[in-house]
Amino acid sequence: MDRHVYFFRQGEADGDASQKNLLGGKGANLAEMCRLNLPVPPGFTIATEVCQAFYDAGGEVPGNVVAEIDAHLSKVESAMDRKLGDPSKPLLLSVRSGAAVSMPGMMDTVLNLGLNDETLDGLAAQTGQRRFALDAYRRLIQMFGDVVMGVDHHRFESALSAVKEKRHALDDTDLDEEGMTEVVAQFREIYRAGTGEDFPQDPRKQLSLAIRAVFKSWNAGRAIKYREIEKITGLIGTAVNVQAMVFGNLGDTSGTGVCFTRNPSTGENVFYGEYLVNAQGEDVVAGIRTPEPIERMERDMPECYRELIEIKDRLEQHYTDVQDLEFTVQEGKLFMLQTRTGKRTAQAAVRLAVEMCDEGLIDEKEALRRVEPKQLDRLLHPTFDPDAPRFKLAQGLPASPGAVSGMIVFTADDAESWATRGHPVILVRRETSPEDIGGMHAAQGILTTLGGMTSHAAVVARGMGKCCVAGCAEARIDAAQGTLSFKSNELNEGDWISLDGATGEVFLDQVPTRAPEVGGHFRRILAIADNHRKLGVRTNADTPHDAQVARDFGAEGIGLCRTEHMFFEESRILAVREMILAETPEARTTALDKLLEPQRDDFLGIFRAMDGLPVTIRLLDPPLHEFLPHEKEAREKLAKTLGVSLETVERRCKDLAEFNPMLGHRGCRLAITYPEIVEMQGRAIVEAAKLAKEEGIDVRPEIMVPLIGTKAELDFCAARLRRIIDEVDAGVPFMIGTMIEVPRAALRAGEIAHSAEFFSFGTNDLTQMTYGYSRDDSGRFLPEYVEKKILPHDPFQTLDRNGVGRLIAMACQEGRATRPEIKLGICGEHGGDPSSIEFCAQTGLDYVSCSPFRVPIARLAAARAAID
């Protein structure tokens, strides 16, 4: 491309909001605000493609781009009537990142660029505030040292804290000019010790190095980790935004803030945010000082507050979505520094979508696009039981909702390592920083002692759906000693605490939770989804309770009822084991007769819960050895109870042992070897259906034969089932179909459809057999496959469209060619995965089936697939 740098100022911009891939989200929105004639300091954006060119050139900005930067810097100097490096009228700049997709806090920023020993005096003379100029200089040395040169920021912070303590200053703003002079001197020494050179006095060199640092931050560990967590792909790099500085730390008529046009935690239509008087922007975002609620600005700066209200309303109407705004007030004049689509909790996303739809701001289809299906999962998790005893330790700010318990850890690395070992942890920090992203992701929840509702911890936690309590000033952390202290308690690393992110409360020990209650907005978004989706949604349920839960969540039937789960109950397992140890068909039948009534009662309960809806019942699937005890003591007890020798039990266990059970004697193969099993289960289903019909229940049973590879296997089982159906005469129609989970069955689907009235794709086993990966062992290597891009994702979590998906599509096409009315669905774990659901909709399946708590996810994902 010929152009690489894009200018903007109030009322004029080279770019606009549609160019996020080119200018990054920040740059595109700065340009758009300028086109709306909002008060935005002038600047320019270096395009994202330069980031790619930077890496291609070995970490150097191409010369032609440098020339463009110089030309656009002249435009900013002209607009501000100041010059970079001019001792009398110095121009100061901010240098910020900005990718096409928002990555809050993950890349680098440098403020107050352009200060040196000479321009320090010029800024002091111009403003009449030498202390302010010194404050800006110490901030530049620290940020430049940390971001550009890699000097540990804790060294600067420790020096600042020491000067404050020495001068009895509680806050940064309490340091006078003499104190700030001392801080600048110490910061320069720290910079020299950390880099081996003096702080650069050439502002152009500062600018060049800062631009390079921002480009480098695109591939910083925290940025890469964030993109992995958020599954952000396909971007070529970050843009760089260079903008004239405005100052919120010029006294009591200045300030800075972060705000949202609506509450990003709850979705409530109220102005939400925080601000600080006499501060710069990083003071709010980094949690260095605990800010005031935005409403206080109306009292302190009424005219700026009214202007801000007008701007936030205008921007929300313009973008038709919640906006996350950053602003600075410099001596009574408001400047807008950023607008972007606000990150929100799952609860807020649902409420915002519904209410904005009701307000006419967006239509139903856009409302569905505003809620990611997986976000609904976060609304279906427990909250603290209000009746459970608890001991409150402290009160913080409710930064991100949720109710979690975990063990205290003080570093992000410990959070990751403890979580890897299976320990639920709470990450406890003074404030979080972008380097903590991995630990934040691993933790159950986050507790900070500093920062507010718009701090780094709060924003990132809300985006991740993590519980977070911020600004808990009553807590004291001694990371060196590994202690967390409250007024009346001192806790150690590894001790348990509980966080309520909705109230900001911190409790001692673990607090019991209760099942979630979904509200009206949740039901509304699902009702909107049902208006648009074409794909049916069933559930995988084995008990009447699970069936009812799923039905309450909107399930339209049961797509998979696993009968083997019923056999593991203590009262039944003995009869199952008696059947396995039986030497003759007659003895097996005698044992199975003991299971007939309990199985019939199970099915009757499920039919009652699913009155009027289809119920697909899978016949026994796992190999018989899974039902036998493994320990010698338990085998001895079984032999004694059944009156057989231990040798008989041991011999049977040995006979049933298999080298590869998943490919062994299971599914329909058991039914063919031991037809008594399928006959008992078939009778239990049919008799339960008859009893249910007599109770007035609308019964719609479907019997599914698992693991077939040939039509003959299905025919063998179906013949026995049909005989029982005719014999019992339940007076209800039955469907007999099969699970397609063996690749050969998918390849011979046209033939099998002559006997099957429905296909249900068992995508767990179909994936396993197609790839040749063991479901139980692949976790050892699949994460590395994904990390090294051998595979785009774990195929057991998201359906492999090109391989497994091709088998499914082929089976659907051939099955329908034979039997046009055949019902088609899937019942593996993929039935609750949004990407897999999209594939199912595109392939023309009739339904997906998933676990009860994923039914809402499937309903929304099916609607999204229908409208996109």
# chains A, B, ... in the order shown; residues from 1 in each chain; ligands from 1
>>> select_by_dssp(residues="range 446-561 of chain A", states="strand (DSSP E)", output="MDAnalysis selection string")
chainID A and resid 446:448 467:470 476:478 483:485 490:492 496:500 505:508 513:514 536:540 558:561
>>> residues_around(residues="range 37-51 of chain A", least_positions_apart="3", cutoff="9 Å", atoms="only C-alpha atoms", output="PyMOL selection string")
chain A and resi 1+3-12+21-24+27-28+30+32-34+54-56+61-62+65+69+72-73+75-76+79-80+93+98-100+215-216+218+235-246+311+334-338
>>> write_last_selection(atoms="C-alpha atoms", output="mmCIF file, in the first residue's frame")
data_model
loop_
_atom_site.group_PDB
_atom_site.id
_atom_site.type_symbol
_atom_site.label_atom_id
_atom_site.label_comp_id
_atom_site.auth_asym_id
_atom_site.auth_seq_id
_atom_site.Cartn_x
_atom_site.Cartn_y
_atom_site.Cartn_z
ATOM 1 C CA MET A 1 0.000 0.000 0.000
ATOM 2 C CA ARG A 3 -0.110 5.075 2.595
ATOM 3 C CA HIS A 4 0.937 3.934 6.076
ATOM 4 C CA VAL A 5 0.105 6.833 8.429
ATOM 5 C CA TYR A 6 -3.321 8.445 8.976
ATOM 6 C CA PHE A 7 -3.921 11.867 10.536
ATOM 7 C CA PHE A 8 -6.821 12.895 12.778
ATOM 8 C CA ARG A 9 -7.976 16.026 14.630
ATOM 9 C CA GLN A 10 -11.342 17.377 15.750
ATOM 10 C CA GLY A 11 -13.562 17.693 12.672
ATOM 11 C CA GLU A 12 -11.065 16.002 10.329
ATOM 12 C CA ASN A 21 -8.256 -4.006 10.409
ATOM 13 C CA LEU A 22 -6.057 -1.231 9.047
ATOM 14 C CA LEU A 23 -6.029 1.313 11.892
ATOM 15 C CA GLY A 24 -6.787 -0.953 14.839
ATOM 16 C CA GLY A 27 -7.188 4.374 15.763
ATOM 17 C CA ALA A 28 -10.387 3.735 13.802
ATOM 18 C CA LEU A 30 -10.366 8.077 17.252
ATOM 19 C CA GLU A 32 -14.598 8.349 13.859
ATOM 20 C CA MET A 33 -14.885 10.609 16.918
ATOM 21 C CA CYS A 34 -13.009 13.319 15.013
ATOM 22 C CA PHE A 54 8.481 -4.168 11.222
ATOM 23 C CA TYR A 55 8.891 -7.864 12.001
ATOM 24 C CA ASP A 56 9.731 -8.687 8.376
ATOM 25 C CA VAL A 61 10.432 0.588 10.978
ATOM 26 C CA PRO A 62 10.852 0.895 7.180
ATOM 27 C CA VAL A 65 7.231 4.941 6.961
ATOM 28 C CA ILE A 69 5.717 9.772 10.498
ATOM 29 C CA HIS A 72 2.393 13.764 10.138
ATOM 30 C CA LEU A 73 4.261 14.881 13.250
ATOM 31 C CA LYS A 75 0.767 18.331 11.183
ATOM 32 C CA VAL A 76 0.282 17.647 14.894
ATOM 33 C CA ALA A 79 -2.438 21.845 15.079
ATOM 34 C CA MET A 80 -1.141 22.285 18.642
ATOM 35 C CA LEU A 93 3.020 12.935 22.971
ATOM 36 C CA GLY A 98 -4.375 -0.605 19.183
ATOM 37 C CA ALA A 99 -5.180 -3.920 17.500
ATOM 38 C CA ALA A 100 -8.295 -4.595 15.423
ATOM 39 C CA PHE A 215 5.234 -3.021 17.831
ATOM 40 C CA LYS A 216 7.369 -5.425 19.898
ATOM 41 C CA TRP A 218 2.403 -7.394 19.902
ATOM 42 C CA LEU A 235 -4.673 -10.394 12.907
ATOM 43 C CA ILE A 236 -1.428 -9.146 11.394
ATOM 44 C CA GLY A 237 -0.350 -6.892 14.255
ATOM 45 C CA THR A 238 -1.068 -3.753 16.199
ATOM 46 C CA ALA A 239 -1.380 -0.175 15.008
ATOM 47 C CA VAL A 240 0.449 2.616 16.852
ATOM 48 C CA ASN A 241 -1.406 5.772 17.850
ATOM 49 C CA VAL A 242 0.692 8.890 18.411
ATOM 50 C CA GLN A 243 -1.328 11.707 19.938
ATOM 51 C CA ALA A 244 -0.789 15.083 21.537
ATOM 52 C CA MET A 245 -0.867 14.854 25.328
ATOM 53 C CA VAL A 246 -3.520 16.526 27.417
ATOM 54 C CA ILE A 311 -21.081 12.707 24.254
ATOM 55 C CA LEU A 334 -12.961 17.971 28.237
ATOM 56 C CA PHE A 335 -11.023 15.774 25.796
ATOM 57 C CA MET A 336 -12.045 12.305 24.576
ATOM 58 C CA LEU A 337 -9.147 9.871 24.316
ATOM 59 C CA GLN A 338 -10.905 6.632 23.405
#
>>> atom_distance(atom1="CA of Val66 in chain A", atom2="CA of Leu91 in chain A")
18.8 Å
>>> residues_around(residues="range 345-353 of chain A", least_positions_apart="2", cutoff="6 Å", atoms="only C-alpha atoms", output="JSON, numbers by chain")
{"A": [264, 265, 266, 267, 355, 356, 367, 371, 375, 462, 521]}
>>> write_last_selection(atoms="N, CA, C and O atoms", output="mmCIF file, in the first residue's frame")
data_model
loop_
_atom_site.group_PDB
_atom_site.id
_atom_site.type_symbol
_atom_site.label_atom_id
_atom_site.label_comp_id
_atom_site.auth_asym_id
_atom_site.auth_seq_id
_atom_site.Cartn_x
_atom_site.Cartn_y
_atom_site.Cartn_z
ATOM 1 N N PRO A 264 -21.376 -2.316 32.756
ATOM 2 C CA PRO A 264 -20.881 -3.507 32.064
ATOM 3 C C PRO A 264 -20.951 -4.776 32.908
ATOM 4 O O PRO A 264 -20.720 -5.869 32.395
ATOM 5 N N SER A 265 -21.262 -4.635 34.193
ATOM 6 C CA SER A 265 -21.392 -5.812 35.053
ATOM 7 C C SER A 265 -22.807 -6.356 35.054
ATOM 8 O O SER A 265 -23.016 -7.567 35.028
ATOM 9 N N THR A 266 -23.791 -5.450 35.089
ATOM 10 C CA THR A 266 -25.188 -5.884 35.182
ATOM 11 C C THR A 266 -25.983 -5.620 33.913
ATOM 12 O O THR A 266 -27.034 -6.229 33.702
ATOM 13 N N GLY A 267 -25.525 -4.677 33.083
ATOM 14 C CA GLY A 267 -26.270 -4.290 31.893
ATOM 15 C C GLY A 267 -27.289 -3.197 32.152
ATOM 16 O O GLY A 267 -27.955 -2.731 31.222
ATOM 17 N N GLU A 355 -32.623 -5.368 26.132
ATOM 18 C CA GLU A 355 -33.144 -4.014 26.339
ATOM 19 C C GLU A 355 -32.868 -3.118 25.139
ATOM 20 O O GLU A 355 -33.715 -2.285 24.776
ATOM 21 N N MET A 356 -31.711 -3.270 24.500
ATOM 22 C CA MET A 356 -31.449 -2.466 23.304
ATOM 23 C C MET A 356 -32.380 -2.869 22.164
ATOM 24 O O MET A 356 -32.761 -2.030 21.350
ATOM 25 N N ALA A 367 -29.493 -8.598 18.247
ATOM 26 C CA ALA A 367 -29.517 -8.970 19.669
ATOM 27 C C ALA A 367 -28.906 -10.354 19.864
ATOM 28 O O ALA A 367 -28.144 -10.592 20.806
ATOM 29 N N VAL A 371 -24.762 -11.752 21.944
ATOM 30 C CA VAL A 371 -24.536 -12.697 23.043
ATOM 31 C C VAL A 371 -23.846 -13.929 22.480
ATOM 32 O O VAL A 371 -24.404 -14.630 21.643
ATOM 33 N N GLN A 375 -21.298 -17.647 26.566
ATOM 34 C CA GLN A 375 -21.499 -16.751 27.701
ATOM 35 C C GLN A 375 -22.649 -17.224 28.590
ATOM 36 O O GLN A 375 -22.644 -16.990 29.794
ATOM 37 N N ARG A 462 -13.960 -9.375 33.913
ATOM 38 C CA ARG A 462 -15.284 -9.350 33.288
ATOM 39 C C ARG A 462 -15.233 -9.975 31.911
ATOM 40 O O ARG A 462 -16.145 -10.706 31.505
ATOM 41 N N HIS A 521 -34.527 -11.609 31.489
ATOM 42 C CA HIS A 521 -33.736 -11.286 30.297
ATOM 43 C C HIS A 521 -33.172 -12.552 29.676
ATOM 44 O O HIS A 521 -33.099 -12.685 28.446
#
>>> closest_residue(among="A:Gly554, A:Gly105, A:Pro389, A:Pro90", to="His456 in chain A", atoms="only C-alpha atoms")
A:Gly105
>>> closest_residue(among="A:Ala657, A:Val184, A:Val732, A:Met149", to="Glu197 in chain A", atoms="only C-alpha atoms")
A:Met149
>>> residues_around(residues="Arg748 in chain A", least_positions_apart="5", cutoff="10 Å", atoms="only C-alpha atoms", output="list in words")
Gly709, Thr710, Lys711, Pro743, Ala753, Met810, Ala811, Glu814 and Gly815 of chain A
>>> residues_around(residues="Ala587 in chain A", least_positions_apart="5", cutoff="12 Å", atoms="only C-alpha atoms", output="VMD selection string")
chain A and resid 575 to 582 592 to 594 674 676
>>> write_last_selection(atoms="all heavy atoms", output="mmCIF file, in the first residue's frame")
data_model
loop_
_atom_site.group_PDB
_atom_site.id
_atom_site.type_symbol
_atom_site.label_atom_id
_atom_site.label_comp_id
_atom_site.auth_asym_id
_atom_site.auth_seq_id
_atom_site.Cartn_x
_atom_site.Cartn_y
_atom_site.Cartn_z
ATOM 1 N N ALA A 575 -27.178 -57.665 40.775
ATOM 2 C CA ALA A 575 -27.883 -58.442 39.746
ATOM 3 C C ALA A 575 -27.120 -58.402 38.425
ATOM 4 O O ALA A 575 -27.068 -59.397 37.688
ATOM 5 C CB ALA A 575 -29.297 -57.898 39.569
ATOM 6 N N VAL A 576 -26.528 -57.238 38.095
ATOM 7 C CA VAL A 576 -25.736 -57.131 36.870
ATOM 8 C C VAL A 576 -24.543 -58.083 36.936
ATOM 9 O O VAL A 576 -24.232 -58.804 35.973
ATOM 10 C CB VAL A 576 -25.258 -55.684 36.665
ATOM 11 C CG1 VAL A 576 -24.332 -55.592 35.444
ATOM 12 C CG2 VAL A 576 -26.431 -54.737 36.503
ATOM 13 N N ARG A 577 -23.872 -58.101 38.086
ATOM 14 C CA ARG A 577 -22.706 -58.970 38.234
ATOM 15 C C ARG A 577 -23.113 -60.443 38.213
ATOM 16 O O ARG A 577 -22.376 -61.289 37.699
ATOM 17 C CB ARG A 577 -21.974 -58.612 39.528
ATOM 18 C CG ARG A 577 -21.269 -57.262 39.424
ATOM 19 C CD ARG A 577 -20.756 -56.750 40.739
ATOM 20 N NE ARG A 577 -19.963 -55.528 40.533
ATOM 21 C CZ ARG A 577 -19.494 -54.755 41.510
ATOM 22 N NH1 ARG A 577 -19.762 -55.075 42.786
ATOM 23 N NH2 ARG A 577 -18.788 -53.683 41.231
ATOM 24 N N GLU A 578 -24.280 -60.744 38.780
ATOM 25 C CA GLU A 578 -24.794 -62.105 38.717
ATOM 26 C C GLU A 578 -25.029 -62.522 37.271
ATOM 27 O O GLU A 578 -24.695 -63.640 36.857
ATOM 28 C CB GLU A 578 -26.103 -62.198 39.515
ATOM 29 C CG GLU A 578 -26.709 -63.586 39.554
ATOM 30 C CD GLU A 578 -28.031 -63.628 40.297
ATOM 31 O OE1 GLU A 578 -28.351 -62.647 41.000
ATOM 32 O OE2 GLU A 578 -28.746 -64.639 40.163
ATOM 33 N N MET A 579 -25.552 -61.603 36.477
ATOM 34 C CA MET A 579 -25.774 -61.873 35.059
ATOM 35 C C MET A 579 -24.449 -62.106 34.341
ATOM 36 O O MET A 579 -24.308 -63.036 33.519
ATOM 37 C CB MET A 579 -26.520 -60.696 34.426
ATOM 38 C CG MET A 579 -26.801 -60.844 32.935
ATOM 39 S SD MET A 579 -25.473 -60.192 31.860
ATOM 40 C CE MET A 579 -25.553 -58.445 32.221
ATOM 41 N N ILE A 580 -23.439 -61.333 34.661
ATOM 42 C CA ILE A 580 -22.138 -61.460 33.990
ATOM 43 C C ILE A 580 -21.479 -62.800 34.330
ATOM 44 O O ILE A 580 -20.843 -63.443 33.479
ATOM 45 C CB ILE A 580 -21.222 -60.285 34.400
ATOM 46 C CG1 ILE A 580 -21.796 -58.960 33.852
ATOM 47 C CG2 ILE A 580 -19.799 -60.491 33.881
ATOM 48 C CD1 ILE A 580 -21.088 -57.727 34.368
ATOM 49 N N LEU A 581 -21.667 -63.253 35.580
ATOM 50 C CA LEU A 581 -21.028 -64.492 36.014
ATOM 51 C C LEU A 581 -21.816 -65.740 35.606
ATOM 52 O O LEU A 581 -21.322 -66.860 35.750
ATOM 53 C CB LEU A 581 -20.844 -64.479 37.539
ATOM 54 C CG LEU A 581 -19.843 -63.438 38.074
ATOM 55 C CD1 LEU A 581 -19.895 -63.374 39.587
ATOM 56 C CD2 LEU A 581 -18.428 -63.769 37.603
ATOM 57 N N ALA A 582 -23.050 -65.529 35.107
ATOM 58 C CA ALA A 582 -23.887 -66.680 34.736
ATOM 59 C C ALA A 582 -23.233 -67.479 33.606
ATOM 60 O O ALA A 582 -22.643 -66.907 32.678
ATOM 61 C CB ALA A 582 -25.266 -66.196 34.326
ATOM 62 N N LEU A 592 -31.219 -61.187 34.913
ATOM 63 C CA LEU A 592 -31.752 -59.994 34.241
ATOM 64 C C LEU A 592 -33.189 -59.711 34.659
ATOM 65 O O LEU A 592 -33.618 -58.547 34.672
ATOM 66 C CB LEU A 592 -31.665 -60.176 32.722
ATOM 67 C CG LEU A 592 -30.254 -60.063 32.132
ATOM 68 C CD1 LEU A 592 -30.225 -60.584 30.703
ATOM 69 C CD2 LEU A 592 -29.772 -58.605 32.164
ATOM 70 N N ASP A 593 -33.949 -60.781 34.992
ATOM 71 C CA ASP A 593 -35.328 -60.566 35.443
ATOM 72 C C ASP A 593 -35.373 -59.678 36.690
ATOM 73 O O ASP A 593 -36.349 -58.947 36.916
ATOM 74 C CB ASP A 593 -36.003 -61.914 35.741
ATOM 75 C CG ASP A 593 -36.395 -62.651 34.458
ATOM 76 O OD1 ASP A 593 -36.411 -61.992 33.394
ATOM 77 O OD2 ASP A 593 -36.668 -63.863 34.514
ATOM 78 N N LYS A 594 -34.298 -59.726 37.503
ATOM 79 C CA LYS A 594 -34.240 -58.885 38.703
ATOM 80 C C LYS A 594 -34.062 -57.408 38.339
ATOM 81 O O LYS A 594 -34.331 -56.516 39.158
ATOM 82 C CB LYS A 594 -33.089 -59.335 39.601
ATOM 83 C CG LYS A 594 -33.220 -60.763 40.110
ATOM 84 C CD LYS A 594 -31.985 -61.178 40.891
ATOM 85 C CE LYS A 594 -32.080 -62.647 41.315
ATOM 86 N NZ LYS A 594 -30.870 -63.092 42.051
ATOM 87 N N TYR A 674 -25.157 -61.869 23.773
ATOM 88 C CA TYR A 674 -26.090 -62.130 24.877
ATOM 89 C C TYR A 674 -27.431 -61.466 24.564
ATOM 90 O O TYR A 674 -27.766 -60.411 25.115
ATOM 91 C CB TYR A 674 -25.539 -61.576 26.196
ATOM 92 C CG TYR A 674 -24.143 -62.035 26.538
ATOM 93 C CD1 TYR A 674 -23.095 -61.119 26.669
ATOM 94 C CD2 TYR A 674 -23.874 -63.388 26.736
ATOM 95 C CE1 TYR A 674 -21.817 -61.529 26.989
ATOM 96 C CE2 TYR A 674 -22.583 -63.818 27.059
ATOM 97 C CZ TYR A 674 -21.568 -62.877 27.179
ATOM 98 O OH TYR A 674 -20.293 -63.308 27.488
ATOM 99 N N GLU A 676 -30.217 -61.932 25.573
ATOM 100 C CA GLU A 676 -31.076 -61.747 26.749
ATOM 101 C C GLU A 676 -31.032 -60.302 27.259
ATOM 102 O O GLU A 676 -32.016 -59.794 27.807
ATOM 103 C CB GLU A 676 -30.615 -62.684 27.881
ATOM 104 C CG GLU A 676 -30.607 -64.160 27.519
ATOM 105 C CD GLU A 676 -29.298 -64.579 26.852
ATOM 106 O OE1 GLU A 676 -28.357 -63.754 26.765
ATOM 107 O OE2 GLU A 676 -29.218 -65.736 26.379
#
>>> closest_residue(among="A:Asp794, A:Glu650, A:Asp777, A:Asp377", to="Val855 in chain A", atoms="only C-alpha atoms")
A:Asp377
>>> residues_around(residues="Ser433 in chain A", least_positions_apart="3", cutoff="9 Å", atoms="only C-alpha atoms", output="ChimeraX atom specification")
/A:105-106,286,436-437,456-457
>>> closest_residue(among="A:Tyr771, A:Phe758, A:Tyr191, A:Phe410", to="Thr818 in chain A", atoms="only C-alpha atoms")
A:Phe758
>>> select_by_dssp(residues="range 214-399 of chain A", states="helix (DSSP H, G or I)", output="JSON, numbers by chain")
{"A": [214, 215, 216, 217, 221, 222, 223, 224, 225, 226, 227, 228, 229, 230, 281, 282, 283, 284, 285, 296, 297, 298, 299, 300, 302, 303, 304, 305, 306, 307, 308, 309, 310, 311, 312, 313, 314, 315, 316, 317, 318, 319, 346, 347, 348, 349, 350, 351, 352, 353, 354, 355, 356, 357, 358, 364, 365, 366, 367, 368, 369, 375, 376, 377, 378]}
>>> residues_around(residues="range 841-845 of chain A", least_positions_apart="4", cutoff="8 Å", atoms="only C-alpha atoms", output="PyMOL selection string")
chain A and resi 534-535+809+812+823-825+837+862+865-866
>>> write_last_selection(atoms="N, CA and C atoms", output="compact mmCIF listing (two decimals), in the first residue's frame")
# COMPACT_ATOMS: atom_id res chain seq x y z
N LYS A 534 -33.75 -23.10 13.44
CA LYS A 534 -34.42 -24.19 12.71
C LYS A 534 -34.05 -25.55 13.29
N LEU A 535 -32.95 -25.62 13.98
CA LEU A 535 -32.42 -26.86 14.52
C LEU A 535 -33.06 -27.17 15.87
N ALA A 809 -21.78 -35.71 6.94
CA ALA A 809 -22.50 -35.18 5.78
C ALA A 809 -22.81 -36.28 4.77
N CYS A 812 -25.62 -38.47 6.15
CA CYS A 812 -26.91 -37.78 6.06
C CYS A 812 -27.46 -37.85 4.63
N LYS A 823 -34.87 -39.31 10.65
CA LYS A 823 -34.50 -38.25 11.59
C LYS A 823 -33.00 -38.31 11.84
N LEU A 824 -32.37 -37.15 11.87
CA LEU A 824 -30.93 -37.07 12.00
C LEU A 824 -30.55 -36.14 13.14
N GLY A 825 -29.67 -36.60 14.01
CA GLY A 825 -29.22 -35.76 15.12
C GLY A 825 -27.83 -36.17 15.56
N ILE A 837 -22.39 -26.97 16.49
CA ILE A 837 -23.83 -26.77 16.24
C ILE A 837 -24.03 -26.05 14.91
N ALA A 862 -27.87 -22.40 17.80
CA ALA A 862 -28.67 -22.81 16.64
C ALA A 862 -29.31 -21.60 15.96
N ALA A 865 -26.65 -19.73 14.04
CA ALA A 865 -26.35 -20.44 12.79
C ALA A 865 -27.40 -20.15 11.73
N ALA A 866 -28.63 -19.96 12.16
CA ALA A 866 -29.73 -19.73 11.20
C ALA A 866 -29.70 -18.33 10.61
>>> closest_residue(among="A:Leu450, A:Ile190, A:Leu721, A:Ala412", to="Met680 in chain A", atoms="only C-alpha atoms")
A:Leu721
>>> closest_atom_pairs(of="range 441-491 of chain A", to="range 501-507 of chain A", cutoff="7 Å", atoms="only C-alpha atoms", output="JSON lines")
{"residue": "A:Cys467", "atom": "CA", "partner": "A:Gly501", "partner_atom": "CA", "distance": 5.1}
{"residue": "A:Cys468", "atom": "CA", "partner": "A:Gly501", "partner_atom": "CA", "distance": 5.2}
{"residue": "A:Val469", "atom": "CA", "partner": "A:Gly504", "partner_atom": "CA", "distance": 5.2}
>>> atom_distance(atom1="CA of Val258 in chain A", atom2="CA of Gly273 in chain A")
5.7 Å
>>> closest_atom_pairs(of="range 118-175 of chain A", to="range 201-207 of chain A", cutoff="12 Å", atoms="only C-alpha atoms", output="JSON lines")
{"residue": "A:Glu118", "atom": "CA", "partner": "A:Gln201", "partner_atom": "CA", "distance": 8.6}
{"residue": "A:Thr119", "atom": "CA", "partner": "A:Gln201", "partner_atom": "CA", "distance": 9.5}
{"residue": "A:Leu120", "atom": "CA", "partner": "A:Gln201", "partner_atom": "CA", "distance": 10.8}
{"residue": "A:Tyr137", "atom": "CA", "partner": "A:Gln201", "partner_atom": "CA", "distance": 11.7}
{"residue": "A:Leu140", "atom": "CA", "partner": "A:Gln206", "partner_atom": "CA", "distance": 10.1}
{"residue": "A:Ile141", "atom": "CA", "partner": "A:Gln206", "partner_atom": "CA", "distance": 10.6}
{"residue": "A:Met143", "atom": "CA", "partner": "A:Gln206", "partner_atom": "CA", "distance": 11.5}
{"residue": "A:Phe144", "atom": "CA", "partner": "A:Gln206", "partner_atom": "CA", "distance": 8.3}
{"residue": "A:Gly145", "atom": "CA", "partner": "A:Gln206", "partner_atom": "CA", "distance": 10.9}
{"residue": "A:Val147", "atom": "CA", "partner": "A:Gln206", "partner_atom": "CA", "distance": 11.8}
{"residue": "A:Val148", "atom": "CA", "partner": "A:Gln206", "partner_atom": "CA", "distance": 9.1}
{"residue": "A:Met149", "atom": "CA", "partner": "A:Gln206", "partner_atom": "CA", "distance": 11.0}
